[in-house]
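Undergrad: Let me begin by handing over the structure; questions about it come next.
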Amino acid sequence: MSAADPTRRAFDLQTVDHTAVLTLDVPGEPVNVLGTSVIGELESLLNRLKEDADVRAVVLISGKADNFVAGADINQFVKVQSAEEGAALARTGQEMLDRLERFPKPIVTAIHGSCVGLGCELALATSYRIASDSPKTVIGLPEIQLGIIPAAGGCQRLPRTIGVRAALDIILAGRTERSAKAFKLGLVDELVPPSILRSTALAAADRMARQGVPMRRRGGSLLLERNPIGRQVVYAMARRQVLKKTGGNYPAPLAALDAVRAGLELGRNAGFRREAEHFGLLAVGEVSRNLVQIFFGTNALKKDDGVPAGSAKPREIRRLGVVGSGFMGSGIAGTAVSQAGIQARLKDADLQRVGRGIHAALGILKGQLERRRITRQEFQRKAALVSGTADWTGFGATDLLIEAVFEDLEVKRRVFAEAEAVVPAGTVLASNTSTIPIAKIAQGARAPERILGMHFFSPVDRMPLLEVIPSAATSPDAVATAVRFGRRMGKTVIVVADSPGFWVNRILFPYLNEAGHLLAEGVPIEVIDRAMVRFGFPVGPITLLDEVGMDVGLKASEVMHAAFGDRMQPGPGVARMVEAGRLGRKSGQGFYLYRGGHKTDPDAAAYRLLGVKPLAGFDPGVIQQRLSLMLLNEAALALSENVVRSPRDGDLGAVFGIGFPPFRGGPLRHIDALGPGYVVQALEAMVLAHGPRFTPAPVLVDMARTDSRYYR
């Protein structure tokens with residue numbers, strides 16, 4: 001977000017009877033952000049209104065369509081160069097909101113749209129909060145997601161408003177709540193339709209000017225939260241949960257917990273001091289810097305169509321066709337309907353499969369309904385958008401067709417040949433292949449310029465990444481169409497080269513193969529997984545193989561081995577597992593056993609199939625180094641071959657596609673942090689110990705020689 005133009009006013013001031021209405025509409029910004037100039041303007045106006053005898057109350061409201069305040073101006077925060085400077089910035093925010101809280105006249109905040117971060121802290125400092133009941137209205141403190149903490153008083157005011165446990169649930173997870181939940185928690189005082197938000201706020205302001213601000217019921221239980229002993233229990237439970245979730249890799253949640261605790265046990269002033277101290281240290285820390293760059297990169301991708309600006313005319317997608325109604329196909333259809341609100345028609349070989357696919361697609365909508373993300377009426381409306389067939393009827397008006405059939409080149413070619421005879425000339429044809437080059441799939445097609453890859457990740461409704469893969473023949477129009485539709489589906493979209501494995505699987509397979517080598521050496525299954533979870537991955541590589549499915553992994557490994565030779569030669573373990581029918585979670589047994597769909601213990605039978613006996617005494621650090629070095633080396637090599645357009649795209653693809661630890665910033669940023677010279681030396685040591693598969697990428701050798709970096 002760019003800073004607001006200081007020469008233009010952010011606030012419009014009107015007086016209605018004896019109430020001043022301050023309407024915030026930061027010029028030149030799509031959303032309201034609170035930078036230095038905006039905060040200064042607000043303080044100046046409040047100083048005037050404090051002395052104006054004709055004004056008895058104030059209403060704060062937004063002039064943006066669906067946004068109250070999106071938080072602080074992050075560009076100002078990232079300029080902080082020292083912990084002392086960061087702490088001073090936090091103290092400035094605290095002092096401003098403290099003056100707001102002590103304002104002698106009632107201030108009513110009227111909230112519609114997002115009210116997060118510093119916007120939420122501002123609202124907490126006012127006398128009374130009214131929110132619209134729109135699903136677009138969300139309130140919360142997401143600072144933890146940027147590796148910092150709420151430091152303008154949020155760690156002090158929120159626990160006193162809604163109780164310690166509810167406040168910690170929001171602060172420690174960086175959570176935002178919809179307005180209905182916020183009202184239930186006591187975070188807002190009234191909930192009204194958007195159409196009467198302003199009039200209700202004016203009425204409340206007038207009432208409080210005459211009768212005073214009503215007393216609030218203090219949040220939290222008497223037993224656990226309003227006595228010192230009970231609070232110690234809450235703090236201990238919260239700390240355990242944080243460490244379990246983060247593995248100690250993210251310092252911000254523990255810092256926030258400490259700031260909350262200091263404020264409640266030692267008083268608000270002590271809490272404010274602790275907030276500022278922690279904020280200063282976190283703001284200049286590597287974890288926050290990496291998380292902020294992921295945030296900036298993700299926002300930049302939202303404006304990037306993957307082709308030069310002005311070179312494409314993307315097609316608007318109203319009707320989606322999906323060929324293949326299995327797990328991936330139904331997931332694509334269900335996500336398209338739930339997120340983009342368009343018609344989705346499934347096709348498969350027989351109606352029984354189609355029926356199962358429709359049922360699975362509707363399951364995504366039912367999940368949203370159960371989590372109260374959509375209403376019953378929205379569910380019924382969107383459910384009506386899903387249909388299916390065992391032939392090509394109903395595909396004559398399709399704008400985008402995605403095939404999600406078995407990973408077989410001839411099957412995919414046959415699907416596209418049949419589709420080209422049915423769909424309109426402008427329809428974009430996409431393959432959900434995970435490894436097969438798009439140019440091969442498009443061979444023999446009538447119009448290869450409209451064929452590309454759209455590689456979704458499983459499960460589609462939860463995995464945030466989409467790889468769009470054009471071939472050399474794909475038109476810019478088709479690329480921009482796929483990218484924009486992917487964003488409508490709620491995905492982070494990167495455009496990658498038409499190369500075997502594309503980006504994510506290209507860097508993932510050496511990592512998984514090395515896990516196979518460790519297994520063959522007798523390293524226990526759970527030891528490998530535990531080491532990489534400690535490194536920061538959400539799951540270990542062996543669990544990931546079970547989740548993907550051994551048969552899928554084997555097919556993909558054959559493609560990668562054929563393309564890259566011995567460097568990508570998989571160990572024999574996966575093939576033996578497939579031969580034995582041990583496909584992972586979906587078959588109930590893989591490297592782990594599954595009961596009721598839930599993973600239990602590693603299966604001793606897997607060791608017998610591999611012909612090894614699990615040994616003890618392996619150093620987790622060595623496991624982490626071997627696996628991570630394979631991934632880092634491949635990422636450097638693939639980027640040097642222009643598989644992705646930039647280090648930014650490569651890092652975001654790894655973070656959102658395979659769960660590379662966000663606090664490390666992505667594999668390429670992690671190479672920068674370690675230093676290319678260190679990475680090359682470590683790889684060369686591995687070559688001596690384990691063979692040529694660890695040979696450093698030439699680009700890394702050059703970077704080590706010139707002491708260069710991916711990011712400056």
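Lettering and numbering for the structure tokens are positional, with chains as A, B, ... in the shown order, residues counted from 1 in each chain, and ligands counted from 1 in the shown order.
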Please identify all polymer residues within 12 Å of segment 29-38 of chain A, counting only C-alpha atoms, omitting same-chain residues fewer than 2 positions from it, and present them as an MDAnalysis selection string.
TA: chainID A and resid 1:12 23:27 40:45 61:77 89 92:93 96 112:122
Undergrad: Could you list, as a ChimeraX atom specification, every residue within 7 Å of segment 653-669 of chain A, counting only C-alpha atoms and ignoring same-chain residues fewer than 2 positions away?
TA: /A:287,290-291,294,464-465,494,504,536-538,632,635-636,647,649-651,671-673,710
Undergrad: How would the residues just picked look written out with N, CA and C atoms as a PDB file, in the first residue's frame?
TA:
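Produced file again-v7.pdb, reproduced below:
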ATOM      1  N   VAL A 287      12.318 -13.026  10.718  1.00  0.00           N
ATOM      2  CA  VAL A 287      11.022 -13.680  10.500  1.00  0.00           C
ATOM      3  C   VAL A 287      10.006 -12.681   9.976  1.00  0.00           C
ATOM      4  N   ASN A 290      10.741 -11.560   6.397  1.00  0.00           N
ATOM      5  CA  ASN A 290      10.362 -12.569   5.404  1.00  0.00           C
ATOM      6  C   ASN A 290       8.850 -12.626   5.217  1.00  0.00           C
ATOM      7  N   LEU A 291       8.099 -12.586   6.311  1.00  0.00           N
ATOM      8  CA  LEU A 291       6.642 -12.651   6.201  1.00  0.00           C
ATOM      9  C   LEU A 291       6.087 -11.418   5.498  1.00  0.00           C
ATOM     10  N   ILE A 294       6.569 -11.840   1.801  1.00  0.00           N
ATOM     11  CA  ILE A 294       5.555 -12.742   1.255  1.00  0.00           C
ATOM     12  C   ILE A 294       4.246 -11.984   1.061  1.00  0.00           C
ATOM     13  N   PRO A 464      -3.668 -23.121  -1.555  1.00  0.00           N
ATOM     14  CA  PRO A 464      -3.826 -21.781  -2.118  1.00  0.00           C
ATOM     15  C   PRO A 464      -3.158 -21.529  -3.458  1.00  0.00           C
ATOM     16  N   LEU A 465      -2.302 -22.439  -3.939  1.00  0.00           N
ATOM     17  CA  LEU A 465      -1.517 -22.137  -5.141  1.00  0.00           C
ATOM     18  C   LEU A 465      -2.161 -22.685  -6.408  1.00  0.00           C
ATOM     19  N   ILE A 494       0.874 -18.291 -10.020  1.00  0.00           N
ATOM     20  CA  ILE A 494       2.163 -18.012 -10.655  1.00  0.00           C
ATOM     21  C   ILE A 494       2.166 -18.627 -12.048  1.00  0.00           C
ATOM     22  N   VAL A 504       6.716 -26.414  -8.858  1.00  0.00           N
ATOM     23  CA  VAL A 504       6.553 -27.020  -7.542  1.00  0.00           C
ATOM     24  C   VAL A 504       7.038 -28.466  -7.526  1.00  0.00           C
ATOM     25  N   GLY A 536      10.159 -26.656   9.783  1.00  0.00           N
ATOM     26  CA  GLY A 536       9.109 -25.682   9.498  1.00  0.00           C
ATOM     27  C   GLY A 536       8.060 -26.118   8.504  1.00  0.00           C
ATOM     28  N   PHE A 537       8.191 -27.306   7.901  1.00  0.00           N
ATOM     29  CA  PHE A 537       7.165 -27.792   6.981  1.00  0.00           C
ATOM     30  C   PHE A 537       5.917 -28.216   7.765  1.00  0.00           C
ATOM     31  N   PRO A 538       4.737 -28.084   7.166  1.00  0.00           N
ATOM     32  CA  PRO A 538       3.522 -28.487   7.883  1.00  0.00           C
ATOM     33  C   PRO A 538       3.447 -29.988   8.123  1.00  0.00           C
ATOM     34  N   LEU A 632      16.803 -26.712  -2.155  1.00  0.00           N
ATOM     35  CA  LEU A 632      17.398 -25.416  -2.472  1.00  0.00           C
ATOM     36  C   LEU A 632      18.195 -25.484  -3.775  1.00  0.00           C
ATOM     37  N   ALA A 635      15.863 -25.625  -6.717  1.00  0.00           N
ATOM     38  CA  ALA A 635      15.212 -24.334  -6.928  1.00  0.00           C
ATOM     39  C   ALA A 635      16.145 -23.381  -7.657  1.00  0.00           C
ATOM     40  N   ALA A 636      17.407 -23.341  -7.254  1.00  0.00           N
ATOM     41  CA  ALA A 636      18.375 -22.469  -7.928  1.00  0.00           C
ATOM     42  C   ALA A 636      18.555 -22.889  -9.388  1.00  0.00           C
ATOM     43  N   PRO A 647      12.575 -14.669  -8.703  1.00  0.00           N
ATOM     44  CA  PRO A 647      12.684 -15.273  -7.371  1.00  0.00           C
ATOM     45  C   PRO A 647      11.400 -15.123  -6.564  1.00  0.00           C
ATOM     46  N   ASP A 649       8.254 -15.185  -7.613  1.00  0.00           N
ATOM     47  CA  ASP A 649       7.300 -16.231  -7.992  1.00  0.00           C
ATOM     48  C   ASP A 649       7.755 -17.595  -7.475  1.00  0.00           C
ATOM     49  N   GLY A 650       9.063 -17.848  -7.531  1.00  0.00           N
ATOM     50  CA  GLY A 650       9.565 -19.129  -7.058  1.00  0.00           C
ATOM     51  C   GLY A 650       9.350 -19.327  -5.575  1.00  0.00           C
ATOM     52  N   ASP A 651       9.621 -18.289  -4.799  1.00  0.00           N
ATOM     53  CA  ASP A 651       9.446 -18.409  -3.356  1.00  0.00           C
ATOM     54  C   ASP A 651       7.977 -18.538  -2.973  1.00  0.00           C
ATOM     55  N   ILE A 671      18.345 -19.238   0.568  1.00  0.00           N
ATOM     56  CA  ILE A 671      19.713 -19.296   0.042  1.00  0.00           C
ATOM     57  C   ILE A 671      20.435 -17.985   0.335  1.00  0.00           C
ATOM     58  N   ASP A 672      19.741 -16.869   0.124  1.00  0.00           N
ATOM     59  CA  ASP A 672      20.337 -15.571   0.442  1.00  0.00           C
ATOM     60  C   ASP A 672      20.729 -15.490   1.916  1.00  0.00           C
ATOM     61  N   ALA A 673      19.829 -15.964   2.795  1.00  0.00           N
ATOM     62  CA  ALA A 673      20.086 -15.870   4.235  1.00  0.00           C
ATOM     63  C   ALA A 673      21.278 -16.733   4.645  1.00  0.00           C
ATOM     64  N   TYR A 710      19.882 -13.262  -4.635  1.00  0.00           N
ATOM     65  CA  TYR A 710      18.657 -13.173  -5.433  1.00  0.00           C
ATOM     66  C   TYR A 710      17.906 -11.877  -5.165  1.00  0.00           C
TER      67      TYR A 710
END
Undergrad: Using only C-alpha atoms, which protein or nucleic acid residues come within 10 Å of Lys440 of chain A? Drop anything in the same chain fewer than 5 positions from it, and give the result as a VMD selection string.
TA: chain A and resid 409 to 410 412 to 413 471 498
Undergrad: Restricting the output to N, CA, C and O atoms, write the selected residues as a PDB file, in the first residue's frame.
TA:
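What landed in again_33.pdb:
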ATOM      1  N   LEU A 409      -0.683 -39.210 -21.097  1.00  0.00           N
ATOM      2  CA  LEU A 409      -0.614 -38.277 -22.220  1.00  0.00           C
ATOM      3  C   LEU A 409      -1.680 -38.557 -23.263  1.00  0.00           C
ATOM      4  O   LEU A 409      -2.374 -37.631 -23.729  1.00  0.00           O
ATOM      5  N   GLU A 410      -1.861 -39.802 -23.659  1.00  0.00           N
ATOM      6  CA  GLU A 410      -2.813 -40.106 -24.729  1.00  0.00           C
ATOM      7  C   GLU A 410      -4.250 -39.845 -24.292  1.00  0.00           C
ATOM      8  O   GLU A 410      -5.080 -39.388 -25.085  1.00  0.00           O
ATOM      9  N   LYS A 412      -5.230 -37.544 -22.195  1.00  0.00           N
ATOM     10  CA  LYS A 412      -5.410 -36.094 -22.185  1.00  0.00           C
ATOM     11  C   LYS A 412      -5.550 -35.556 -23.611  1.00  0.00           C
ATOM     12  O   LYS A 412      -6.385 -34.674 -23.872  1.00  0.00           O
ATOM     13  N   ARG A 413      -4.765 -36.061 -24.536  1.00  0.00           N
ATOM     14  CA  ARG A 413      -4.897 -35.632 -25.938  1.00  0.00           C
ATOM     15  C   ARG A 413      -6.281 -35.971 -26.482  1.00  0.00           C
ATOM     16  O   ARG A 413      -6.890 -35.176 -27.209  1.00  0.00           O
ATOM     17  N   SER A 471       2.347 -23.102 -23.096  1.00  0.00           N
ATOM     18  CA  SER A 471       3.368 -23.646 -23.989  1.00  0.00           C
ATOM     19  C   SER A 471       3.875 -22.503 -24.869  1.00  0.00           C
ATOM     20  O   SER A 471       3.387 -21.369 -24.774  1.00  0.00           O
ATOM     21  N   ASP A 498       6.832 -24.255 -19.408  1.00  0.00           N
ATOM     22  CA  ASP A 498       6.377 -25.587 -19.796  1.00  0.00           C
ATOM     23  C   ASP A 498       7.555 -26.553 -19.747  1.00  0.00           C
ATOM     24  O   ASP A 498       8.158 -26.902 -20.755  1.00  0.00           O
TER      25      ASP A 498
END
Undergrad: Write out as a short mmCIF file (atom, residue, chain, number, x, y, z; two decimals) with all heavy atoms, in the first residue's frame the set of residues from segment 138-181 of chain A that DSSP, computed on the backbone, places in helix (DSSP H, G or I).
TA:
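Below is the file part.cif, written as the result:
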data_model
loop_
_atom_site.label_atom_id
_atom_site.label_comp_id
_atom_site.auth_asym_id
_atom_site.auth_seq_id
_atom_site.Cartn_x
_atom_site.Cartn_y
_atom_site.Cartn_z
N GLU A 143 -1.88 -8.98 12.92
CA GLU A 143 -0.46 -8.61 12.90
C GLU A 143 0.48 -9.81 13.01
O GLU A 143 1.58 -9.80 12.44
CB GLU A 143 -0.16 -7.62 14.04
CG GLU A 143 -0.64 -6.21 13.79
CD GLU A 143 -2.08 -5.97 14.23
OE1 GLU A 143 -2.81 -6.96 14.48
OE2 GLU A 143 -2.47 -4.80 14.32
N ILE A 144 0.07 -10.84 13.76
CA ILE A 144 0.92 -12.02 13.93
C ILE A 144 1.32 -12.60 12.57
O ILE A 144 2.42 -13.15 12.41
CB ILE A 144 0.18 -13.10 14.76
CG1 ILE A 144 0.00 -12.62 16.21
CG2 ILE A 144 0.91 -14.43 14.72
CD1 ILE A 144 1.26 -12.50 17.01
N GLN A 145 0.44 -12.49 11.59
CA GLN A 145 0.73 -13.04 10.26
C GLN A 145 1.87 -12.30 9.57
O GLN A 145 2.44 -12.80 8.60
CB GLN A 145 -0.53 -13.00 9.40
CG GLN A 145 -1.65 -13.88 9.94
CD GLN A 145 -2.91 -13.80 9.12
OE1 GLN A 145 -2.89 -13.40 7.96
NE2 GLN A 145 -4.03 -14.16 9.71
N LEU A 146 2.21 -11.11 10.05
CA LEU A 146 3.35 -10.37 9.52
C LEU A 146 4.55 -10.46 10.46
O LEU A 146 5.54 -9.73 10.28
CB LEU A 146 2.97 -8.90 9.30
CG LEU A 146 1.93 -8.63 8.22
CD1 LEU A 146 1.64 -7.14 8.12
CD2 LEU A 146 2.38 -9.17 6.87
N GLY A 154 -3.65 -2.83 21.31
CA GLY A 154 -4.54 -3.96 21.06
C GLY A 154 -4.38 -5.09 22.05
O GLY A 154 -5.35 -5.76 22.43
N CYS A 155 -3.13 -5.32 22.52
CA CYS A 155 -2.89 -6.39 23.48
C CYS A 155 -3.40 -6.03 24.87
O CYS A 155 -3.44 -6.88 25.77
CB CYS A 155 -1.40 -6.71 23.55
SG CYS A 155 -0.74 -7.50 22.06
N GLN A 156 -3.77 -4.77 25.07
CA GLN A 156 -4.30 -4.32 26.36
C GLN A 156 -5.82 -4.18 26.32
O GLN A 156 -6.52 -4.63 27.22
CB GLN A 156 -3.66 -2.99 26.77
CG GLN A 156 -2.14 -2.95 26.66
CD GLN A 156 -1.47 -4.15 27.32
OE1 GLN A 156 -1.81 -4.53 28.45
NE2 GLN A 156 -0.53 -4.77 26.60
N ARG A 157 -6.32 -3.55 25.27
CA ARG A 157 -7.76 -3.25 25.24
C ARG A 157 -8.61 -4.47 24.89
O ARG A 157 -9.70 -4.63 25.43
CB ARG A 157 -8.03 -2.11 24.26
CG ARG A 157 -7.48 -0.77 24.71
CD ARG A 157 -7.92 0.39 23.83
NE ARG A 157 -7.39 1.65 24.34
CZ ARG A 157 -6.23 2.19 23.97
NH1 ARG A 157 -5.49 1.57 23.05
NH2 ARG A 157 -5.81 3.33 24.50
N LEU A 158 -8.13 -5.32 23.99
CA LEU A 158 -8.98 -6.45 23.58
C LEU A 158 -9.25 -7.41 24.73
O LEU A 158 -10.41 -7.81 24.93
CB LEU A 158 -8.36 -7.18 22.38
CG LEU A 158 -9.27 -8.23 21.74
CD1 LEU A 158 -10.54 -7.60 21.19
CD2 LEU A 158 -8.54 -9.00 20.64
N PRO A 159 -8.25 -7.82 25.52
CA PRO A 159 -8.56 -8.72 26.65
C PRO A 159 -9.53 -8.09 27.65
O PRO A 159 -10.36 -8.80 28.24
CB PRO A 159 -7.19 -8.96 27.30
CG PRO A 159 -6.20 -8.69 26.23
CD PRO A 159 -6.80 -7.59 25.40
N ARG A 160 -9.43 -6.80 27.86
CA ARG A 160 -10.33 -6.14 28.81
C ARG A 160 -11.73 -5.98 28.25
O ARG A 160 -12.69 -5.76 29.00
CB ARG A 160 -9.75 -4.77 29.20
CG ARG A 160 -8.53 -4.87 30.10
CD ARG A 160 -7.85 -3.51 30.27
NE ARG A 160 -6.82 -3.57 31.32
CZ ARG A 160 -5.58 -4.03 31.13
NH1 ARG A 160 -5.23 -4.48 29.92
NH2 ARG A 160 -4.71 -4.06 32.12
N THR A 161 -11.86 -6.10 26.93
CA THR A 161 -13.16 -5.93 26.29
C THR A 161 -13.91 -7.25 26.17
O THR A 161 -15.11 -7.32 26.46
CB THR A 161 -12.99 -5.30 24.88
OG1 THR A 161 -12.33 -4.04 25.02
CG2 THR A 161 -14.34 -5.09 24.20
N ILE A 162 -13.21 -8.31 25.76
CA ILE A 162 -13.91 -9.57 25.48
C ILE A 162 -13.43 -10.73 26.34
O ILE A 162 -13.91 -11.85 26.19
CB ILE A 162 -13.79 -9.95 23.99
CG1 ILE A 162 -12.34 -10.26 23.60
CG2 ILE A 162 -14.36 -8.85 23.11
CD1 ILE A 162 -12.20 -10.81 22.19
N VAL A 164 -9.83 -12.66 28.42
CA VAL A 164 -8.47 -13.07 28.06
C VAL A 164 -8.46 -14.19 27.03
O VAL A 164 -7.75 -14.12 26.02
CB VAL A 164 -7.70 -13.53 29.32
CG1 VAL A 164 -6.25 -13.83 28.96
CG2 VAL A 164 -7.77 -12.48 30.40
N ARG A 165 -9.22 -15.23 27.27
CA ARG A 165 -9.17 -16.39 26.35
C ARG A 165 -9.63 -16.02 24.95
O ARG A 165 -8.98 -16.38 23.96
CB ARG A 165 -10.00 -17.54 26.90
CG ARG A 165 -9.33 -18.28 28.06
CD ARG A 165 -10.16 -19.47 28.51
NE ARG A 165 -11.46 -19.04 29.03
CZ ARG A 165 -12.42 -19.87 29.40
NH1 ARG A 165 -12.25 -21.18 29.28
NH2 ARG A 165 -13.56 -19.42 29.89
N ALA A 166 -10.75 -15.31 24.84
CA ALA A 166 -11.25 -14.92 23.52
C ALA A 166 -10.27 -13.99 22.82
O ALA A 166 -10.05 -14.08 21.61
CB ALA A 166 -12.62 -14.25 23.65
N ALA A 167 -9.66 -13.08 23.60
CA ALA A 167 -8.69 -12.16 23.01
C ALA A 167 -7.46 -12.89 22.52
O ALA A 167 -6.93 -12.61 21.43
CB ALA A 167 -8.31 -11.09 24.03
N LEU A 168 -6.97 -13.84 23.32
CA LEU A 168 -5.78 -14.60 22.90
C LEU A 168 -6.07 -15.44 21.66
O LEU A 168 -5.19 -15.62 20.81
CB LEU A 168 -5.29 -15.49 24.05
CG LEU A 168 -4.65 -14.75 25.23
CD1 LEU A 168 -4.31 -15.73 26.34
CD2 LEU A 168 -3.41 -13.98 24.79
N ASP A 169 -7.28 -15.96 21.55
CA ASP A 169 -7.65 -16.71 20.35
C ASP A 169 -7.48 -15.85 19.10
O ASP A 169 -7.05 -16.33 18.04
CB ASP A 169 -9.10 -17.19 20.44
CG ASP A 169 -9.27 -18.38 21.36
OD1 ASP A 169 -8.25 -18.99 21.72
OD2 ASP A 169 -10.42 -18.69 21.73
N ILE A 170 -7.84 -14.58 19.20
CA ILE A 170 -7.73 -13.67 18.06
C ILE A 170 -6.30 -13.21 17.86
O ILE A 170 -5.75 -13.28 16.74
CB ILE A 170 -8.66 -12.45 18.26
CG1 ILE A 170 -10.13 -12.89 18.14
CG2 ILE A 170 -8.36 -11.34 17.26
CD1 ILE A 170 -11.14 -11.80 18.48
N ILE A 171 -5.66 -12.74 18.93
CA ILE A 171 -4.32 -12.14 18.80
C ILE A 171 -3.28 -13.17 18.40
O ILE A 171 -2.48 -12.94 17.49
CB ILE A 171 -3.93 -11.46 20.13
CG1 ILE A 171 -4.85 -10.27 20.42
CG2 ILE A 171 -2.47 -10.99 20.08
CD1 ILE A 171 -4.67 -9.69 21.81
N LEU A 172 -3.25 -14.33 19.07
CA LEU A 172 -2.18 -15.30 18.84
C LEU A 172 -2.29 -16.01 17.50
O LEU A 172 -1.29 -16.52 16.98
CB LEU A 172 -2.16 -16.34 19.97
CG LEU A 172 -1.96 -15.78 21.38
CD1 LEU A 172 -1.82 -16.91 22.39
CD2 LEU A 172 -0.74 -14.87 21.44
N ALA A 173 -3.49 -16.04 16.93
CA ALA A 173 -3.66 -16.66 15.61
C ALA A 173 -3.70 -15.62 14.49
O ALA A 173 -3.76 -15.99 13.32
CB ALA A 173 -4.94 -17.49 15.59
N SER A 179 -18.65 -10.03 11.59
CA SER A 179 -19.30 -9.10 12.51
C SER A 179 -20.25 -9.81 13.47
O SER A 179 -20.37 -9.41 14.64
CB SER A 179 -20.04 -8.01 11.73
OG SER A 179 -20.98 -8.58 10.82
N ALA A 180 -20.94 -10.86 13.02
CA ALA A 180 -21.86 -11.58 13.90
C ALA A 180 -21.12 -12.20 15.07
O ALA A 180 -21.57 -12.14 16.23
CB ALA A 180 -22.62 -12.64 13.12
N LYS A 181 -19.95 -12.81 14.80
CA LYS A 181 -19.14 -13.39 15.88
C LYS A 181 -18.56 -12.28 16.76
O LYS A 181 -18.51 -12.42 17.99
CB LYS A 181 -18.02 -14.24 15.26
CG LYS A 181 -17.06 -14.85 16.28
CD LYS A 181 -17.72 -15.94 17.10
CE LYS A 181 -16.73 -16.64 18.03
NZ LYS A 181 -15.69 -17.40 17.30
#
Undergrad: Please provide the set of residues having any atom within 12 Å of Met215 of chain A, restricted to only C-alpha atoms, with same-chain residues fewer than 3 positions apart removed, written as a list in words.
TA: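 Once the nearby chain positions are removed, what remains is Ser127, Tyr128, Thr161, Asp189, Met208, Gln211, Gly212 and Arg218 of chain A.
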Undergrad: Report the distance between atom CA of Pro104 of chain A and atom CA of Ala131 of chain A in Å, rounded to one decimal place.
TA: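 Result for atom CA of Pro104 of chain A versus atom CA of Ala131 of chain A: 22.9 Å, one decimal.
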Undergrad: Could you go through segment 489-526 of chain A and tell me which residues DSSP, when run on the backbone, assigns to strand (DSSP E or B), listing them as a PyMOL selection string?
TA: chain A and resi 492-496
Undergrad: Ranking A:Ala312, A:Ile111, A:Val234, A:Ala276 by minimum distance to Lys136 of chain A and counting only C-alpha atoms, which one comes first?
TA: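 Nearest to Lys136 of chain A: A:Ile111.
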Undergrad: Pick from A:Ala336, A:Leu282, A:Ala606, A:Ile528: nearest to Arg488 of chain A, with only C-alpha atoms counted?
TA: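 Selected residue with least distance to Arg488 of chain A: A:Ala336.
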Undergrad: Which value, in Å to one decimal, gives the distance between atom CA of Gly140 of chain A and atom CA of Ala205 of chain A?
TA: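 Pair atom CA of Gly140 of chain A / atom CA of Ala205 of chain A returns 23.5 Å.
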Undergrad: Show which residues sit within 7 Å of His455 of chain A, as a PyMOL selection string. Count only C-alpha atoms, and ignore same-chain residues fewer than 2 positions away.
TA: chain A and resi 432-434+453+457+466-468
Undergrad: Between A:Lys613, A:Leu631, A:Arg693, A:Asn227, which residue has the minimum interatomic distance to Val679 of chain A, considering only C-alpha atoms?
TA: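 Nearest to Val679 of chain A: A:Leu631.
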Undergrad: Excluding Arg582 of chain A and its own-chain neighbours fewer than 5 positions away, which residues fall within 12 Å of it when counting only C-alpha atoms? Please give them as a list of chain:residue names.
TA: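 Surrounding residues, per the criterion: A:Leu545, A:Asp546, A:Glu547, A:Gly549, A:Met550, A:Asp551, A:Gly573, A:Val574, A:Ala575, A:Arg576, A:Met577, A:Ser587, A:Gly588, A:Gln589, A:Gly590, A:Phe591, A:Tyr592, A:Leu593, A:Tyr594, A:Asp603, A:Ala605, A:Ala606, A:Leu609.
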Undergrad: Tell me, counting only C-alpha atoms, for each residue of segment 599-698 of chain A within 7 Å of segment 515-522 of chain A, which pair of atoms is nearest and how far apart they are in Å to one decimal, in rows ordered by chain and increasing number, as a tab-separated table.
TA:
residue	atom	partner	partner_atom	distance
A:Leu610	CA	A:Ala520	CA	6.9
A:Val612	CA	A:Gly522	CA	5.8
A:Lys613	CA	A:Gly522	CA	5.8
A:Pro614	CA	A:Gly522	CA	4.6
A:Leu615	CA	A:Gly522	CA	5.4
A:Leu627	CA	A:Ala515	CA	6.8
Undergrad: Would you mind telling me which residue in A:Ala638, A:Ile441, A:Leu320, A:Ala417 lies nearest to Val386 of chain A when using only C-alpha atoms?
TA: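 Closest residue, counting only C-alpha atoms: A:Leu320.
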Undergrad: So that I can check the surroundings of Ala682 of chain A, please list as a PyMOL selection string every protein, DNA and RNA residue that reaches within 10 Å of it, counting only C-alpha atoms and ignoring chain neighbours fewer than 6 positions away.
TA: chain A and resi 625-626+629+676+694+696
Undergrad: What is the atom CA of Ala236 of chain A to atom CA of Arg530 of chain A distance in Å?
TA: 24.1 Å
Undergrad: Pick from A:Val559, A:Ile374, A:Ala270, A:Leu254: nearest to Pro135 of chain A, with only C-alpha atoms counted?
TA: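 Closest to Pro135 of chain A, using only C-alpha atoms: A:Ile374.
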